[in-house]
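Novice: Can you keep this structure in mind? I'll have questions shortly.
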Amino acid sequence: MNCEDIKNEWTKKYKVVSEQLEKLKEIPAAATAFNANIDAILKISGEQLKKLIVDNQISVSELQNIQLSSFKKPTDVLIGIVKCFSRGIAEEWVTEDINIYNWMEKNLGYDRLQMGGQGGIIANALALLGVNKVIAHTNSHPQLQAEQFLDLPNLYGIDNNGELQKAVEISREKDIPLIHWIIEFDKGDSFTLDDVTFKCPKSNRFIATYDPLNMKLVMNEGFVSYMNNNKVDYLLMSGFHPLLSHLGGLQLIDNAVPVIEKWKQANPDLIVHLEVASTQDKAIRQAIIEKIAPLADSIGLNERETIDLLEITGQEELARKTERETNSCNLFKAILFLKNKLNVKRIQLHMFGLYLTIQDSRFPYTAEQNLKGMMTAAVVSSSKAQHGEIAKYKDVSRTLGKPVANQGVTELLMLASWLDKFELLTKGLCEYEGLQISAIPTILVDKPKTLVGMGDTISSVSLLAGR
């Protein structure tokens, strides 16, 4: 089969998405934890970036072969942007230094504010898609945070009295706004400094975080109590990545384990998903996979996060190879290793152009159901990318009927050939070493209006729409 034939087959398969969207409305309750914040979105051009670099007297040598992965001083914000801009990658750096926050506020500004944090983004998406009750954990919920929640009757937070209340109506006056800078850049953009050209190979973003509450994993007692005493079908977790080992982050993870275990005991049928995020502190990264991952039924991650986990599980060679050649074959090897290493029932990779899941017989959904969930996620996430923040239900399926991307078909062809499982090309399903594999070419948007929350949306919708 040629590329166009494969694309046509997948266009037919994607028709199931309308049916899967309706099934989401049958889910009684889902909860998201732990992080919700306010994102300050800034789209930066190469020329704007160059001006900031010149104004702040940063040399070309500082922008080449960047090894930095955290802030040492305020202008390191620009180093981080250039690192991600020039490599087309996404990273999140965190800081406890308020001077860095103040520098960003003074020098960067923003285009708009929107919901941030994996927990907050997922809560908005699931509520909009019609899950009957969505409960979002917030460790800070002032009016400015409340305004980032969609005005929906099925979307709840915890009020000043520790009670469930419509999230958009909550105003915990003593709480401080938690604002993260999301600096986005476009594929093909470039700037030249001292005869050296920096070109962006892929649209992506750099996240700069100053967030004292999420960095301390502050848990809302009302949310903890609700989870202990009410039936919830899904728990979608993230927010461990801002923790820092030198600020007691390892102990905070230890403290979280019995809380989550108690939630699982209170809800024996609870399906727990862990969304891995860019975690720069390696000790925290290690603790997440050793202590939090065993509590999860499902794990979601992207290319960068996959490589990061390989580096701390004794797979440095595979990590380096995958970073050099970030393709479906190397990434399949990577998540297969992680699936077995972590002994998780289901692991899902969202890479550029392709979603890939490996699951075993312990997971309650079949691979075919999961495939339908991934296609639903591809439509919802690409609609979000094309139109920006989705606030109305009619916008969630705007890209349904749009052909899958050539990039995705190329990656699927490569994987099918390497596995010698050519049924993947049109069915998207196969078995490998006793495990169930599902893979889909996705819908890509040429000039996305936003990339924020794409992975979170993909993982959460894939999981819940596969029921």
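In the structure tokens, chains take letters A, B, ... by order of appearance, with residues numbered from 1 within each chain and ligands from 1 in the order shown.
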Excluding Thr410 of chain A and residues on its chain fewer than 6 positions from it, collect all residues at most 12 Å away from it, counting only C-alpha atoms, and give them as a list in words.

Specialist: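 The filter keeps Asn2, Cys3, Glu4, Ile6, Lys7, Asn327, Ser328, Cys329, Phe352, Gly353, Leu354, Val404, Ala416, Ser417, Leu425, Ile440, Pro441 and Thr442 of chain A.
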
Novice: Only all heavy atoms, please: the residues just picked out, written as a short mmCIF file (atom, residue, chain, number, x, y, z; two decimals), in the first residue's frame.

Specialist:
```cif
data_model
loop_
_atom_site.label_atom_id
_atom_site.label_comp_id
_atom_site.auth_asym_id
_atom_site.auth_seq_id
_atom_site.Cartn_x
_atom_site.Cartn_y
_atom_site.Cartn_z
N ASN A 2 0.44 2.26 -0.76
CA ASN A 2 1.18 3.51 -0.72
C ASN A 2 0.63 4.42 0.38
O ASN A 2 -0.38 4.11 1.02
CB ASN A 2 1.16 4.20 -2.09
CG ASN A 2 -0.25 4.57 -2.52
OD1 ASN A 2 -1.11 4.91 -1.70
ND2 ASN A 2 -0.51 4.52 -3.83
N CYS A 3 1.30 5.55 0.55
CA CYS A 3 0.95 6.46 1.64
C CYS A 3 -0.50 6.94 1.55
O CYS A 3 -1.22 6.99 2.55
CB CYS A 3 1.91 7.65 1.63
SG CYS A 3 1.64 8.85 2.95
N GLU A 4 -0.96 7.29 0.35
CA GLU A 4 -2.32 7.80 0.19
C GLU A 4 -3.36 6.74 0.52
O GLU A 4 -4.41 7.05 1.11
CB GLU A 4 -2.52 8.33 -1.23
CG GLU A 4 -1.82 9.65 -1.50
CD GLU A 4 -2.22 10.73 -0.50
OE1 GLU A 4 -3.44 10.91 -0.27
OE2 GLU A 4 -1.33 11.40 0.04
N ILE A 6 -3.01 4.29 2.66
CA ILE A 6 -3.03 4.15 4.12
C ILE A 6 -3.78 5.32 4.76
O ILE A 6 -4.60 5.13 5.67
CB ILE A 6 -1.57 4.07 4.66
CG1 ILE A 6 -0.90 2.79 4.15
CG2 ILE A 6 -1.56 4.12 6.18
CD1 ILE A 6 0.60 2.73 4.41
N LYS A 7 -3.55 6.52 4.25
CA LYS A 7 -4.25 7.69 4.79
C LYS A 7 -5.76 7.57 4.60
O LYS A 7 -6.55 7.92 5.49
CB LYS A 7 -3.73 8.96 4.13
CG LYS A 7 -2.32 9.34 4.56
CD LYS A 7 -1.76 10.51 3.77
CE LYS A 7 -2.43 11.80 4.12
NZ LYS A 7 -1.76 12.97 3.50
N ASN A 327 12.77 8.35 16.47
CA ASN A 327 11.77 7.77 15.57
C ASN A 327 10.96 6.70 16.29
O ASN A 327 11.24 6.34 17.44
CB ASN A 327 12.45 7.19 14.32
CG ASN A 327 13.49 6.13 14.66
OD1 ASN A 327 13.25 5.24 15.46
ND2 ASN A 327 14.66 6.22 14.03
N SER A 328 9.94 6.20 15.62
CA SER A 328 8.99 5.28 16.25
C SER A 328 9.65 3.98 16.70
O SER A 328 9.25 3.40 17.71
CB SER A 328 7.84 4.98 15.29
OG SER A 328 8.33 4.45 14.07
N CYS A 329 10.67 3.51 15.97
CA CYS A 329 11.32 2.25 16.34
C CYS A 329 12.10 2.38 17.64
O CYS A 329 11.96 1.55 18.55
CB CYS A 329 12.25 1.77 15.22
SG CYS A 329 11.39 1.45 13.67
N PHE A 352 5.51 13.08 17.85
CA PHE A 352 5.11 13.92 16.73
C PHE A 352 4.59 13.05 15.58
O PHE A 352 5.35 12.32 14.94
CB PHE A 352 6.30 14.77 16.27
CG PHE A 352 5.96 15.79 15.24
CD1 PHE A 352 5.08 16.83 15.52
CD2 PHE A 352 6.51 15.73 13.97
CE1 PHE A 352 4.78 17.79 14.58
CE2 PHE A 352 6.20 16.69 13.00
CZ PHE A 352 5.33 17.72 13.32
N GLY A 353 3.28 13.10 15.36
CA GLY A 353 2.68 12.36 14.25
C GLY A 353 2.13 10.99 14.59
O GLY A 353 1.40 10.39 13.79
N LEU A 354 2.47 10.45 15.77
CA LEU A 354 2.08 9.07 16.09
C LEU A 354 1.79 8.93 17.58
O LEU A 354 2.52 9.47 18.41
CB LEU A 354 3.22 8.11 15.71
CG LEU A 354 2.91 6.61 15.77
CD1 LEU A 354 2.11 6.19 14.54
CD2 LEU A 354 4.22 5.80 15.83
N VAL A 404 -4.95 12.16 8.11
CA VAL A 404 -3.83 12.00 9.03
C VAL A 404 -2.56 12.52 8.36
O VAL A 404 -2.47 12.64 7.13
CB VAL A 404 -3.65 10.53 9.47
CG1 VAL A 404 -4.87 10.06 10.23
CG2 VAL A 404 -3.38 9.63 8.27
N ALA A 416 5.96 -0.70 11.63
CA ALA A 416 5.39 -1.95 11.13
C ALA A 416 6.46 -2.82 10.48
O ALA A 416 6.50 -4.05 10.66
CB ALA A 416 4.27 -1.65 10.14
N SER A 417 7.35 -2.18 9.73
CA SER A 417 8.42 -2.91 9.06
C SER A 417 9.40 -3.48 10.09
O SER A 417 9.81 -4.65 10.00
CB SER A 417 9.15 -1.99 8.09
OG SER A 417 10.21 -2.67 7.46
N LEU A 425 -0.52 -1.13 9.78
CA LEU A 425 -0.72 -0.07 8.79
C LEU A 425 -2.18 0.30 8.60
O LEU A 425 -2.51 1.47 8.38
CB LEU A 425 -0.11 -0.47 7.45
CG LEU A 425 1.41 -0.67 7.45
CD1 LEU A 425 1.88 -1.08 6.07
CD2 LEU A 425 2.12 0.61 7.91
N ILE A 440 -1.54 4.76 16.12
CA ILE A 440 -2.29 5.53 15.11
C ILE A 440 -1.45 6.67 14.57
O ILE A 440 -0.71 7.33 15.31
CB ILE A 440 -3.61 6.10 15.68
CG1 ILE A 440 -3.34 7.20 16.72
CG2 ILE A 440 -4.49 5.02 16.27
CD1 ILE A 440 -4.51 8.10 16.99
N PRO A 441 -1.57 6.95 13.27
CA PRO A 441 -1.05 8.21 12.75
C PRO A 441 -2.03 9.31 13.15
O PRO A 441 -3.24 9.11 13.12
CB PRO A 441 -1.03 7.99 11.24
CG PRO A 441 -2.08 6.97 10.99
CD PRO A 441 -2.16 6.11 12.22
N THR A 442 -1.52 10.44 13.54
CA THR A 442 -2.38 11.48 14.09
C THR A 442 -2.64 12.59 13.08
O THR A 442 -2.08 12.61 11.99
CB THR A 442 -1.75 12.10 15.35
OG1 THR A 442 -0.62 12.88 14.97
CG2 THR A 442 -1.32 11.04 16.32
#
```

Novice: Can you pull out the residues contacting Leu424 of chain A? Cut-off 9 Å, using only C-alpha atoms, and skip same-chain residues under 2 positions away; I want them as number ranges by chain.

Specialist: A: 412-413, 415-416, 421-422, 426-430, 437-440

Novice: So, with only C-alpha atoms as the atoms that count, which of A:Ala277, A:Val60, A:Cys200, A:Ile182 lies closest to Leu451 of chain A?

Specialist: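 Comparing A:Ala277, A:Val60, A:Cys200, A:Ile182 against Leu451 of chain A, the winner is A:Ile182.
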
Novice: Using only C-alpha atoms, can you tell me which of A:Ser225, A:Gln118, A:Asn370, A:Thr11 comes closest to Ala33 of chain A?

Specialist: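 Between A:Ser225, A:Gln118, A:Asn370, A:Thr11, the residue approaching Ala33 of chain A most closely is A:Gln118.
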
Novice: Please report the interatomic distance between atom CA of Gly466 of chain A and atom CA of Glu19 of chain A in Å with one decimal.

Specialist: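 Distance between the two atoms: 10.8 Å.
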
Novice: For the atom pair atom CA of Lys187 of chain A and atom CA of Asp446 of chain A, what is the interatomic distance in Å to one decimal place?

Specialist: 9.2 Å

Novice: Per residue of segment 263-380 of chain A within 12 Å of segment 127-147 of chain A, note the shortest atom pair and the distance in Å to one decimal, counting only C-alpha atoms, and order the rows by chain and increasing residue number, as JSON lines.

Specialist:
```
{"residue": "A:Thr376", "atom": "CA", "partner": "A:Leu129", "partner_atom": "CA", "distance": 10.9}
{"residue": "A:Ala377", "atom": "CA", "partner": "A:Leu129", "partner_atom": "CA", "distance": 11.1}
{"residue": "A:Val380", "atom": "CA", "partner": "A:Leu129", "partner_atom": "CA", "distance": 9.4}
```

Novice: Create the file for the chosen residues now, containing C-alpha atoms and written as a CSV table (one decimal), in the first residue's frame.

Specialist:
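After the write, again.csv holds the following:
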```csv
chain,number,residue,atom,x,y,z
A,376,THR,CA,-10.7,10.6,19.7
A,377,ALA,CA,-7.7,12.3,21.4
A,380,VAL,CA,-9.7,16.8,20.2
```

Novice: What is the atom CA of Val461 of chain A to atom CA of Gly162 of chain A distance in Å?

Specialist: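 Interatomic distance here is 28.3 Å.
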
Novice: Could you name the residues that touch Arg320 of chain A at 12 Å or less, counting only C-alpha atoms, but leaving out those on the same chain fewer than 4 positions away, as a list of chain:residue names?

Specialist: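 Here the answer would be A:Arg304, A:Thr306, A:Ile307, A:Asp308, A:Leu309, A:Leu310, A:Glu311, A:Gly314, A:Gln315, A:Glu316, A:Arg324, A:Glu325, A:Thr326, A:Asn330, A:Leu331, A:Ala334.
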
Novice: Skip Phe363 of chain A itself and residues of its chain fewer than 3 positions away, then list as an NGL selection string all residues within 10 Å of it, counting only C-alpha atoms.

Specialist: :A and (271 or 297-298 or 344-346 or 359-360 or 366-367)

Novice: From a DSSP calculation on the backbone, collect every residue of segment 161-340 of chain A in alpha helix (DSSP H) and output the set as number ranges by chain.

Specialist: A: 221-229, 249-266, 282-287, 303-311, 316-324, 328-340

Novice: Excluding Ala208 of chain A and its own-chain neighbours fewer than 6 positions away, which residues fall within 8 Å of it when counting only C-alpha atoms? Please give them as a PyMOL selection string.

Specialist: chain A and resi 77+92-95+180-182

Novice: Would you write out those residues with C-alpha atoms, as a CSV table (one decimal), in the first residue's frame?

Specialist:
```csv
chain,number,residue,atom,x,y,z
A,77,VAL,CA,15.4,32.4,31.0
A,92,GLU,CA,10.1,23.1,31.9
A,93,TRP,CA,12.5,24.8,34.3
A,94,VAL,CA,11.5,25.6,37.8
A,95,THR,CA,12.9,28.1,40.3
A,180,HIS,CA,3.8,30.2,34.8
A,181,TRP,CA,5.3,31.6,31.6
A,182,ILE,CA,4.7,29.5,28.5
```

Novice: Given only C-alpha atoms as the basis, pick out the residue of A:Val168, A:Ile260, A:Leu21, A:Val452 nearest to Ser397 of chain A.

Specialist: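 Ranking A:Val168, A:Ile260, A:Leu21, A:Val452 by distance to Ser397 of chain A, first place goes to A:Leu21.
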
Novice: Could you check the closest approach to Tyr234 of chain A for each of A:Lys392, A:His246, A:Lys106, A:Lys264 and tell me which residue wins, using only C-alpha atoms?

Specialist: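 So, comparing all the options, the nearest one is A:Lys264.
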
Novice: Using the chain letters and numbers from this document, which residues of segment 264-308 of chain A does DSSP assign to strand (DSSP E or B), as an MDAnalysis selection string?

Specialist: chainID A and resid 271:275 298:301

Novice: Smallest atom-to-atom distance to Val445 of chain A: which of A:Asn406, A:Gln386, A:Asn220, A:Ser70, using only C-alpha atoms?

Specialist: A:Gln386

Novice: Taking only C-alpha atoms into account, name the residue in A:Glu368, A:Glu317, A:Glu221, A:Asp194 that is nearest to Lys13 of chain A.

Specialist: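 Comparing A:Glu368, A:Glu317, A:Glu221, A:Asp194 against Lys13 of chain A, the winner is A:Glu368.
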
Novice: Got a sec: who's within 8 Å of Ser278 of chain A, counting only C-alpha atoms, leaving out chain neighbours fewer than 2 positions off, as a PyMOL selection string?

Specialist: chain A and resi 91-92+241+276+280+304-305
